[in-house]
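These notes concern the structure reproduced below.
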Amino acid sequence: MTASATSTADFLLRNVVEALPAGALEAKLAEGRPLRVKLGIDPTASDLHLGHTVVLRKLREFQDLGHVVVLIIGDYTARVGDPSGRSDQRPMLAAGEIDLNARTYRDQAFRVLDPERTEVHHNGEWLDMRVDALFALARTATVAQLLERDDFAKRYAAREPISVLELLYPLLQGYDSVAVRSDVELGGTDQTFNLLLARDVQHAYGVAPQAVLTLPILPGTDGLRRMSKSAGNYIGVAEPAEEVFGKLMRVPDAAMPLYYELLLDRPFDPELAAVESKRALARELTARFAGVDAATAAESRFNRLHVDRVTPEDVEEGPLPPGDPVHLPSLIADSFGVSRGEARRLLAQGGVRLAGKPLDIADIDVPADRLDGEILQLGKRRFRRFHRPR
RNA sequence: GGGGGGAUGUCCGAGUGGCUAAAGGAGACGGGCUGUAAACCCGUUGGCUUACGCCUACGCAGGUUCGAAUCCUGCUCCCCCCA
């Protein structure tokens, strides 16, 4: 092995939790050719989120060294639903929904990846196979082997259901590796089993087994559970700048070191005040995905809203309903999409402001004059200005 | 084929005839505090109603009862075990 292959490997192994089997990556690099580095993403949600970008950034590093990324949109595997890290079965997605999601993935992935060095495939290209081909694939692993997987083992022990289809998932993912002849595959640590099983599948098909790199899982905005759409704790790369910035400011302080390590190129400074390090992170990441201008605007709006507590001027406008006085619960319910009961509750809790001043439950009916041209605020973040229709 | 268990509010999960719009937790939301949409504290969390209150709700359809999430019958769906 050459010295340069070793130092390149060291660079590529930064942040990597495990590189399996030992020395496999170095050996591949030593071949001196552009490697095919695989990442599979199932289009189960419409957006890529920051959690995905941890792996995407690592792929980018490979690209910058001249290697080729093979991005697989798992349109077929999405129909199975990867059970990794889940304790219950996933609902199958409708084909139309999957197609819709798949379309947006490529564009979003290219916010991080270099399109020039990326091959994109849908695994329906090869997984739409004949039954005898599927039989051949199914023969490459045993039930005992598949039950080795941690979450399968737990569910089996707990007598929870495991469908045969789920059991098949790792094999399908492994077949992807055969089809694209991947040299290296990346994934989160929850993917370790699948990534390794792919080696066996490749071997069974007479293809050189891939090296496997696993990366840490990024926690979501709750700072606890892995970032995912279904947990509702995700930050999408295509979200409006304001959302990205605000959501990042909502991430618990305790998760900051990990966010720095996995998403930024510079280390977390424990000396810096929590707010400042979070702010810097939010600024940088928002700029990365939404652009510098949008990030700057998002930050200043955030400051006005949450630091200065100033009512913004540029808010959505709407007409006042006919009738005077105006029944506030109805107006709030219709404008903000909450129920009248909730509007009433918010009013009673001091969560409704008119022109910056809190209203209370006595203000259930308000003269149209008081509302005309003024801004109604619901909670901290929802605003609307009303005008009397002419 | 046989036996057993289950379906409760956004989610998880108590509840076996009235005190149950339904414990508890999570989440979400509001307020307070704050250089954060962090942490922490308090509160709210089915719909309609200024309010009294009314309506809807515990898989679906019937039934028993003064009264049912709780009992009975049928149905649908799900899970486990044995074969």
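Residue numbering restarts at 1 for every chain of the structure tokens, chains are lettered A, B, ... in their displayed order, and ligands are numbered from 1 as they appear.
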
With 6 Å as the limit and counting only C-alpha atoms (C1' of nucleotides), what residues in chain B lie close to chain A? Please list them as a list of chain:residue names.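 Residues of chain B within 6 Å of chain A, counting only C-alpha atoms (C1' of nucleotides): B:G30, B:U36, B:A37, B:A38.
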
Can you pull out the residues contacting region 184-199 of chain A? Cut-off 7 Å, using only C-alpha atoms (C1' of nucleotides), and skip same-chain residues under 3 positions away; I want them as a short mmCIF file (atom, residue, chain, number, x, y, z; two decimals) with N, CA and C atoms, in the first residue's frame.
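Output file part_19.cif follows:
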data_model
loop_
_atom_site.label_atom_id
_atom_site.label_comp_id
_atom_site.auth_asym_id
_atom_site.auth_seq_id
_atom_site.Cartn_x
_atom_site.Cartn_y
_atom_site.Cartn_z
N ARG A 36 -16.15 3.74 -7.10
CA ARG A 36 -17.60 3.97 -7.19
C ARG A 36 -18.16 3.93 -5.77
N VAL A 37 -18.58 5.09 -5.30
CA VAL A 37 -19.03 5.21 -3.91
C VAL A 37 -20.54 5.34 -3.89
N LYS A 38 -21.17 4.39 -3.24
CA LYS A 38 -22.63 4.29 -3.31
C LYS A 38 -23.34 4.90 -2.10
N LEU A 39 -24.45 5.55 -2.40
CA LEU A 39 -25.37 5.92 -1.33
C LEU A 39 -26.78 5.68 -1.83
N VAL A 55 -23.94 12.39 5.50
CA VAL A 55 -23.39 11.39 4.59
C VAL A 55 -23.06 12.03 3.23
N SER A 84 -34.88 -0.52 9.52
CA SER A 84 -33.74 -0.20 10.39
C SER A 84 -34.09 0.79 11.48
N GLY A 85 -33.75 0.43 12.68
CA GLY A 85 -33.95 1.35 13.79
C GLY A 85 -35.39 1.57 14.18
N ARG A 149 -29.63 -9.31 12.76
CA ARG A 149 -29.72 -7.86 12.85
C ARG A 149 -30.42 -7.47 14.14
N PRO A 170 -32.89 -5.94 3.39
CA PRO A 170 -31.42 -5.90 3.30
C PRO A 170 -30.89 -6.57 2.04
N GLN A 173 -31.30 -4.14 -0.86
CA GLN A 173 -30.27 -3.10 -0.79
C GLN A 173 -28.92 -3.67 -1.22
N GLY A 174 -28.68 -4.91 -0.84
CA GLY A 174 -27.43 -5.57 -1.23
C GLY A 174 -27.36 -5.76 -2.73
N TYR A 175 -28.49 -6.06 -3.32
CA TYR A 175 -28.50 -6.27 -4.76
C TYR A 175 -28.20 -4.96 -5.50
N SER A 177 -26.02 -2.94 -4.62
CA SER A 177 -24.55 -2.88 -4.66
C SER A 177 -23.99 -3.76 -5.77
N GLN A 202 -22.87 -9.37 -2.81
CA GLN A 202 -21.93 -9.13 -3.92
C GLN A 202 -21.07 -10.37 -4.17
N HIS A 203 -20.61 -10.95 -3.08
CA HIS A 203 -19.76 -12.14 -3.19
C HIS A 203 -20.52 -13.26 -3.90
N PRO A 209 -16.52 -7.43 -3.16
CA PRO A 209 -17.28 -6.82 -2.07
C PRO A 209 -16.84 -5.39 -1.78
N GLN A 210 -17.79 -4.58 -1.38
CA GLN A 210 -17.54 -3.18 -1.12
C GLN A 210 -16.92 -2.95 0.25
N ALA A 211 -16.24 -1.82 0.38
CA ALA A 211 -15.82 -1.37 1.71
C ALA A 211 -17.01 -0.63 2.31
N VAL A 212 -17.07 -0.64 3.62
CA VAL A 212 -18.21 -0.05 4.30
C VAL A 212 -17.77 1.03 5.28
N LEU A 213 -18.38 2.20 5.17
CA LEU A 213 -18.10 3.27 6.14
C LEU A 213 -19.40 3.69 6.80
N THR A 214 -19.40 3.74 8.11
CA THR A 214 -20.61 4.22 8.79
C THR A 214 -20.33 5.56 9.47
N LEU A 215 -21.33 6.42 9.42
CA LEU A 215 -21.21 7.77 9.98
C LEU A 215 -22.21 7.95 11.12
N PRO A 216 -21.92 8.89 12.01
CA PRO A 216 -22.82 9.10 13.15
C PRO A 216 -24.19 9.59 12.69
N ILE A 217 -25.17 9.32 13.52
CA ILE A 217 -26.54 9.77 13.25
C ILE A 217 -26.72 11.16 13.84
#

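For the residues B:C40, B:C48, B:C33, B:A57, ranking by smallest atom-to-atom distance to A21 (chain B) using only C-alpha atoms (C1' of nucleotides) places B:A57 first.
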
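Residues of region 318-372 of chain A carrying a DSSP assignment of helix (DSSP H, G or I), computed from the backbone, are Leu328, Pro329, Ser330, Leu331, Ile332, Ala333, Asp334, Ser335, Phe336, Arg340, Gly341, Glu342, Ala343, Arg344, Arg345, Leu346, Leu347, Ala348, Ala368, Asp369, Arg370 and Leu371 of chain A.
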
So that I can see what lies close to C11 (chain B), please list as a list of chain:residue names the residues with an atom at most 10 Å from it, counting only C-alpha atoms (C1' of nucleotides) and leaving out residues fewer than 2 positions away in the same chain. B:G9, B:G13, B:A26, B:G27

Okay, now the selection with N, CA and C atoms (P, O5', C5', C4', C3', O3' and C1' of nucleotides), as a PDB file, in the first residue's frame?
ATOM      1  P     G B   9     -57.600   6.927  19.594  1.00  0.00           P
ATOM      2  O5'   G B   9     -57.485   8.477  19.859  1.00  0.00           O
ATOM      3  C5'   G B   9     -58.255   9.417  19.069  1.00  0.00           C
ATOM      4  C4'   G B   9     -58.366  10.704  19.855  1.00  0.00           C
ATOM      5  C3'   G B   9     -57.090  11.548  19.875  1.00  0.00           C
ATOM      6  O3'   G B   9     -57.314  12.769  19.182  1.00  0.00           O
ATOM      7  C1'   G B   9     -58.005  11.252  22.053  1.00  0.00           C
ATOM      8  P     G B  13     -48.880   1.283  23.450  1.00  0.00           P
ATOM      9  O5'   G B  13     -49.381   1.880  24.843  1.00  0.00           O
ATOM     10  C5'   G B  13     -48.572   1.813  26.010  1.00  0.00           C
ATOM     11  C4'   G B  13     -49.286   2.515  27.154  1.00  0.00           C
ATOM     12  C3'   G B  13     -50.578   1.845  27.591  1.00  0.00           C
ATOM     13  O3'   G B  13     -50.271   0.810  28.519  1.00  0.00           O
ATOM     14  C1'   G B  13     -50.952   4.165  27.316  1.00  0.00           C
ATOM     15  P     A B  26     -43.856  14.159  30.011  1.00  0.00           P
ATOM     16  O5'   A B  26     -43.764  13.771  28.463  1.00  0.00           O
ATOM     17  C5'   A B  26     -42.732  12.904  27.993  1.00  0.00           C
ATOM     18  C4'   A B  26     -42.946  12.597  26.525  1.00  0.00           C
ATOM     19  C3'   A B  26     -43.071  13.817  25.628  1.00  0.00           C
ATOM     20  O3'   A B  26     -41.810  14.338  25.271  1.00  0.00           O
ATOM     21  C1'   A B  26     -44.791  12.281  25.115  1.00  0.00           C
ATOM     22  P     G B  27     -41.678  15.908  25.028  1.00  0.00           P
ATOM     23  O5'   G B  27     -42.547  16.135  23.710  1.00  0.00           O
ATOM     24  C5'   G B  27     -42.163  15.522  22.477  1.00  0.00           C
ATOM     25  C4'   G B  27     -43.264  15.718  21.474  1.00  0.00           C
ATOM     26  C3'   G B  27     -43.669  17.164  21.250  1.00  0.00           C
ATOM     27  O3'   G B  27     -42.823  17.793  20.305  1.00  0.00           O
ATOM     28  C1'   G B  27     -45.605  15.864  21.592  1.00  0.00           C
TER      29        G B  27
END

Please provide as a list in words all residues within 12 Å of U20 (chain B), with the sequence filter that same-chain residues fewer than 6 positions apart are discarded (counting only C-alpha atoms (C1' of nucleotides)).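 Those residues are A57, C58, A68, A69 and U70 of chain B.
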
Excluding U65 (chain B) and any residue of its chain fewer than 6 positions from it, enumerate the residues within 12 Å of it, using only C-alpha atoms (C1' of nucleotides), and give them as a count of residues only. 4

For the strand (DSSP E or B) assignment from backbone DSSP, which residues of region 57-295 of chain A qualify? Please present them as a PDB file with N, CA, C and O atoms, in the first residue's frame.
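Result saved to states-v3.pdb:
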ATOM      1  N   VAL A  68     -16.204   8.666  -7.915  1.00  0.00           N
ATOM      2  CA  VAL A  68     -17.541   8.834  -8.485  1.00  0.00           C
ATOM      3  C   VAL A  68     -18.608   8.403  -7.478  1.00  0.00           C
ATOM      4  O   VAL A  68     -18.494   7.344  -6.871  1.00  0.00           O
ATOM      5  N   VAL A  69     -19.586   9.239  -7.314  1.00  0.00           N
ATOM      6  CA  VAL A  69     -20.679   8.881  -6.420  1.00  0.00           C
ATOM      7  C   VAL A  69     -21.820   8.254  -7.218  1.00  0.00           C
ATOM      8  O   VAL A  69     -22.202   8.764  -8.266  1.00  0.00           O
ATOM      9  N   VAL A  70     -22.297   7.131  -6.727  1.00  0.00           N
ATOM     10  CA  VAL A  70     -23.453   6.508  -7.344  1.00  0.00           C
ATOM     11  C   VAL A  70     -24.625   6.699  -6.378  1.00  0.00           C
ATOM     12  O   VAL A  70     -24.696   6.082  -5.324  1.00  0.00           O
ATOM     13  N   LEU A  71     -25.509   7.610  -6.755  1.00  0.00           N
ATOM     14  CA  LEU A  71     -26.660   7.910  -5.910  1.00  0.00           C
ATOM     15  C   LEU A  71     -27.832   7.062  -6.367  1.00  0.00           C
ATOM     16  O   LEU A  71     -28.238   7.119  -7.530  1.00  0.00           O
ATOM     17  N   ILE A  72     -28.346   6.268  -5.458  1.00  0.00           N
ATOM     18  CA  ILE A  72     -29.476   5.419  -5.822  1.00  0.00           C
ATOM     19  C   ILE A  72     -30.744   5.919  -5.145  1.00  0.00           C
ATOM     20  O   ILE A  72     -30.815   5.993  -3.928  1.00  0.00           O
ATOM     21  N   ILE A  73     -31.680   6.306  -5.965  1.00  0.00           N
ATOM     22  CA  ILE A  73     -32.988   6.670  -5.439  1.00  0.00           C
ATOM     23  C   ILE A  73     -33.774   5.375  -5.271  1.00  0.00           C
ATOM     24  O   ILE A  73     -34.076   4.702  -6.259  1.00  0.00           O
ATOM     25  N   THR A 118     -21.440  12.513 -10.378  1.00  0.00           N
ATOM     26  CA  THR A 118     -22.503  11.725  -9.746  1.00  0.00           C
ATOM     27  C   THR A 118     -23.291  10.961 -10.796  1.00  0.00           C
ATOM     28  O   THR A 118     -23.670  11.509 -11.823  1.00  0.00           O
ATOM     29  N   GLU A 119     -23.491   9.698 -10.519  1.00  0.00           N
ATOM     30  CA  GLU A 119     -24.342   8.865 -11.355  1.00  0.00           C
ATOM     31  C   GLU A 119     -25.625   8.649 -10.570  1.00  0.00           C
ATOM     32  O   GLU A 119     -25.564   8.279  -9.403  1.00  0.00           O
ATOM     33  N   VAL A 120     -26.757   8.895 -11.177  1.00  0.00           N
ATOM     34  CA  VAL A 120     -28.018   8.699 -10.453  1.00  0.00           C
ATOM     35  C   VAL A 120     -28.792   7.534 -11.056  1.00  0.00           C
ATOM     36  O   VAL A 120     -28.914   7.418 -12.269  1.00  0.00           O
ATOM     37  N   HIS A 121     -29.249   6.659 -10.202  1.00  0.00           N
ATOM     38  CA  HIS A 121     -30.075   5.539 -10.655  1.00  0.00           C
ATOM     39  C   HIS A 121     -31.307   5.399  -9.769  1.00  0.00           C
ATOM     40  O   HIS A 121     -31.298   5.833  -8.615  1.00  0.00           O
ATOM     41  N   HIS A 122     -32.328   4.787 -10.314  1.00  0.00           N
ATOM     42  CA  HIS A 122     -33.470   4.362  -9.493  1.00  0.00           C
ATOM     43  C   HIS A 122     -33.338   2.854  -9.377  1.00  0.00           C
ATOM     44  O   HIS A 122     -33.066   2.192 -10.383  1.00  0.00           O
ATOM     45  N   VAL A 184     -17.411   1.202  -2.511  1.00  0.00           N
ATOM     46  CA  VAL A 184     -17.555   1.681  -1.142  1.00  0.00           C
ATOM     47  C   VAL A 184     -19.018   2.053  -0.958  1.00  0.00           C
ATOM     48  O   VAL A 184     -19.637   2.597  -1.867  1.00  0.00           O
ATOM     49  N   GLU A 185     -19.573   1.744   0.219  1.00  0.00           N
ATOM     50  CA  GLU A 185     -20.915   2.248   0.496  1.00  0.00           C
ATOM     51  C   GLU A 185     -20.912   2.948   1.844  1.00  0.00           C
ATOM     52  O   GLU A 185     -20.300   2.486   2.809  1.00  0.00           O
ATOM     53  N   LEU A 186     -21.605   4.074   1.881  1.00  0.00           N
ATOM     54  CA  LEU A 186     -21.698   4.840   3.114  1.00  0.00           C
ATOM     55  C   LEU A 186     -23.114   4.771   3.660  1.00  0.00           C
ATOM     56  O   LEU A 186     -24.075   4.588   2.925  1.00  0.00           O
ATOM     57  N   GLY A 187     -23.216   4.975   4.966  1.00  0.00           N
ATOM     58  CA  GLY A 187     -24.537   5.025   5.575  1.00  0.00           C
ATOM     59  C   GLY A 187     -24.396   5.400   7.037  1.00  0.00           C
ATOM     60  O   GLY A 187     -23.279   5.498   7.555  1.00  0.00           O
ATOM     61  N   GLY A 188     -25.529   5.634   7.692  1.00  0.00           N
ATOM     62  CA  GLY A 188     -25.512   5.908   9.126  1.00  0.00           C
ATOM     63  C   GLY A 188     -25.170   4.627   9.870  1.00  0.00           C
ATOM     64  O   GLY A 188     -25.198   3.536   9.298  1.00  0.00           O
ATOM     65  N   ALA A 211     -16.241  -1.821   0.385  1.00  0.00           N
ATOM     66  CA  ALA A 211     -15.820  -1.372   1.709  1.00  0.00           C
ATOM     67  C   ALA A 211     -17.010  -0.632   2.310  1.00  0.00           C
ATOM     68  O   ALA A 211     -17.836  -0.083   1.591  1.00  0.00           O
ATOM     69  N   VAL A 212     -17.073  -0.640   3.622  1.00  0.00           N
ATOM     70  CA  VAL A 212     -18.215  -0.051   4.296  1.00  0.00           C
ATOM     71  C   VAL A 212     -17.773   1.035   5.278  1.00  0.00           C
ATOM     72  O   VAL A 212     -16.868   0.808   6.067  1.00  0.00           O
ATOM     73  N   LEU A 213     -18.382   2.202   5.169  1.00  0.00           N
ATOM     74  CA  LEU A 213     -18.098   3.268   6.137  1.00  0.00           C
ATOM     75  C   LEU A 213     -19.400   3.692   6.804  1.00  0.00           C
ATOM     76  O   LEU A 213     -20.383   3.953   6.114  1.00  0.00           O
ATOM     77  N   THR A 214     -19.403   3.743   8.114  1.00  0.00           N
ATOM     78  CA  THR A 214     -20.612   4.225   8.793  1.00  0.00           C
ATOM     79  C   THR A 214     -20.326   5.560   9.470  1.00  0.00           C
ATOM     80  O   THR A 214     -19.242   5.797   9.992  1.00  0.00           O
ATOM     81  N   LEU A 215     -21.326   6.422   9.419  1.00  0.00           N
ATOM     82  CA  LEU A 215     -21.214   7.767   9.977  1.00  0.00           C
ATOM     83  C   LEU A 215     -22.210   7.946  11.123  1.00  0.00           C
ATOM     84  O   LEU A 215     -23.217   7.249  11.169  1.00  0.00           O
ATOM     85  N   PRO A 219     -28.816  13.949  15.530  1.00  0.00           N
ATOM     86  CA  PRO A 219     -30.088  14.070  16.239  1.00  0.00           C
ATOM     87  C   PRO A 219     -30.917  15.199  15.641  1.00  0.00           C
ATOM     88  O   PRO A 219     -30.381  16.127  15.049  1.00  0.00           O
ATOM     89  N   ARG A 226     -33.059  10.514  16.350  1.00  0.00           N
ATOM     90  CA  ARG A 226     -32.446  10.762  15.058  1.00  0.00           C
ATOM     91  C   ARG A 226     -33.359  11.670  14.242  1.00  0.00           C
ATOM     92  O   ARG A 226     -34.580  11.604  14.339  1.00  0.00           O
ATOM     93  N   GLY A 236     -35.346  20.536   6.827  1.00  0.00           N
ATOM     94  CA  GLY A 236     -35.181  20.205   5.422  1.00  0.00           C
ATOM     95  C   GLY A 236     -34.238  21.159   4.716  1.00  0.00           C
ATOM     96  O   GLY A 236     -34.235  22.352   4.998  1.00  0.00           O
TER      97      GLY A 236
END

State, in Å with one decimal place, the distance from CA of Phe383 (chain A) to CA of Asp369 (chain A).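 Between CA of Phe383 (chain A) and CA of Asp369 (chain A) the gap is 18.3 Å.
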
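Interatomic distance, CA of Thr77 (chain A) against CA of Asp42 (chain A): 6.6 Å.
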
Computed gap from CA of Ala9 (chain A) to CA of Asp114 (chain A) is 20.3 Å

May I ask which of the residues B:G31, B:G1, B:G47, B:G6 is the closest one to G59 (chain B), counting only C-alpha atoms (C1' of nucleotides)?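 Selected residue with least distance to G59 (chain B): B:G6.
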
Would you mind telling me which residue in A:Ala24, A:Leu56, A:Gly206, A:Asn303 lies nearest to Ala179 (chain A) when using only C-alpha atoms?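 The closest residue to Ala179 (chain A) is A:Gly206.
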
Quick one: of A:Ala30, A:Ala368, A:Ala144, A:Leu35, who's nearest to Gly66 (chain A), counting only C-alpha atoms?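 Nearest to Gly66 (chain A): A:Leu35.
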
Name the residues in contact with Val80 (chain A) at a cut-off of 8 Å, using only C-alpha atoms (C1' of nucleotides), excluding same-chain residues fewer than 4 positions from it; report them as a PyMOL selection string. chain A and resi 76+92+165-166+169

Based on the selection just made, write N, CA, C and O atoms of those residues as a PDB file, in the first residue's frame.
ATOM      1  N   TYR A  76     -37.925   1.499  -5.468  1.00  0.00           N
ATOM      2  CA  TYR A  76     -38.497   0.187  -5.167  1.00  0.00           C
ATOM      3  C   TYR A  76     -38.352  -0.184  -3.695  1.00  0.00           C
ATOM      4  O   TYR A  76     -39.287  -0.707  -3.093  1.00  0.00           O
ATOM      5  N   MET A  92     -46.696   0.940   3.775  1.00  0.00           N
ATOM      6  CA  MET A  92     -46.154   1.032   2.429  1.00  0.00           C
ATOM      7  C   MET A  92     -46.645   2.316   1.773  1.00  0.00           C
ATOM      8  O   MET A  92     -47.784   2.709   1.940  1.00  0.00           O
ATOM      9  N   LEU A 165     -41.484  -9.375   3.966  1.00  0.00           N
ATOM     10  CA  LEU A 165     -41.054  -8.297   3.087  1.00  0.00           C
ATOM     11  C   LEU A 165     -39.927  -7.489   3.742  1.00  0.00           C
ATOM     12  O   LEU A 165     -38.932  -7.158   3.104  1.00  0.00           O
ATOM     13  N   GLU A 166     -40.090  -7.198   5.021  1.00  0.00           N
ATOM     14  CA  GLU A 166     -39.057  -6.456   5.730  1.00  0.00           C
ATOM     15  C   GLU A 166     -37.745  -7.223   5.757  1.00  0.00           C
ATOM     16  O   GLU A 166     -36.665  -6.665   5.640  1.00  0.00           O
ATOM     17  N   TYR A 169     -35.677  -6.717   2.785  1.00  0.00           N
ATOM     18  CA  TYR A 169     -35.108  -5.396   2.522  1.00  0.00           C
ATOM     19  C   TYR A 169     -33.585  -5.381   2.418  1.00  0.00           C
ATOM     20  O   TYR A 169     -33.039  -4.846   1.446  1.00  0.00           O
TER      21      TYR A 169
END
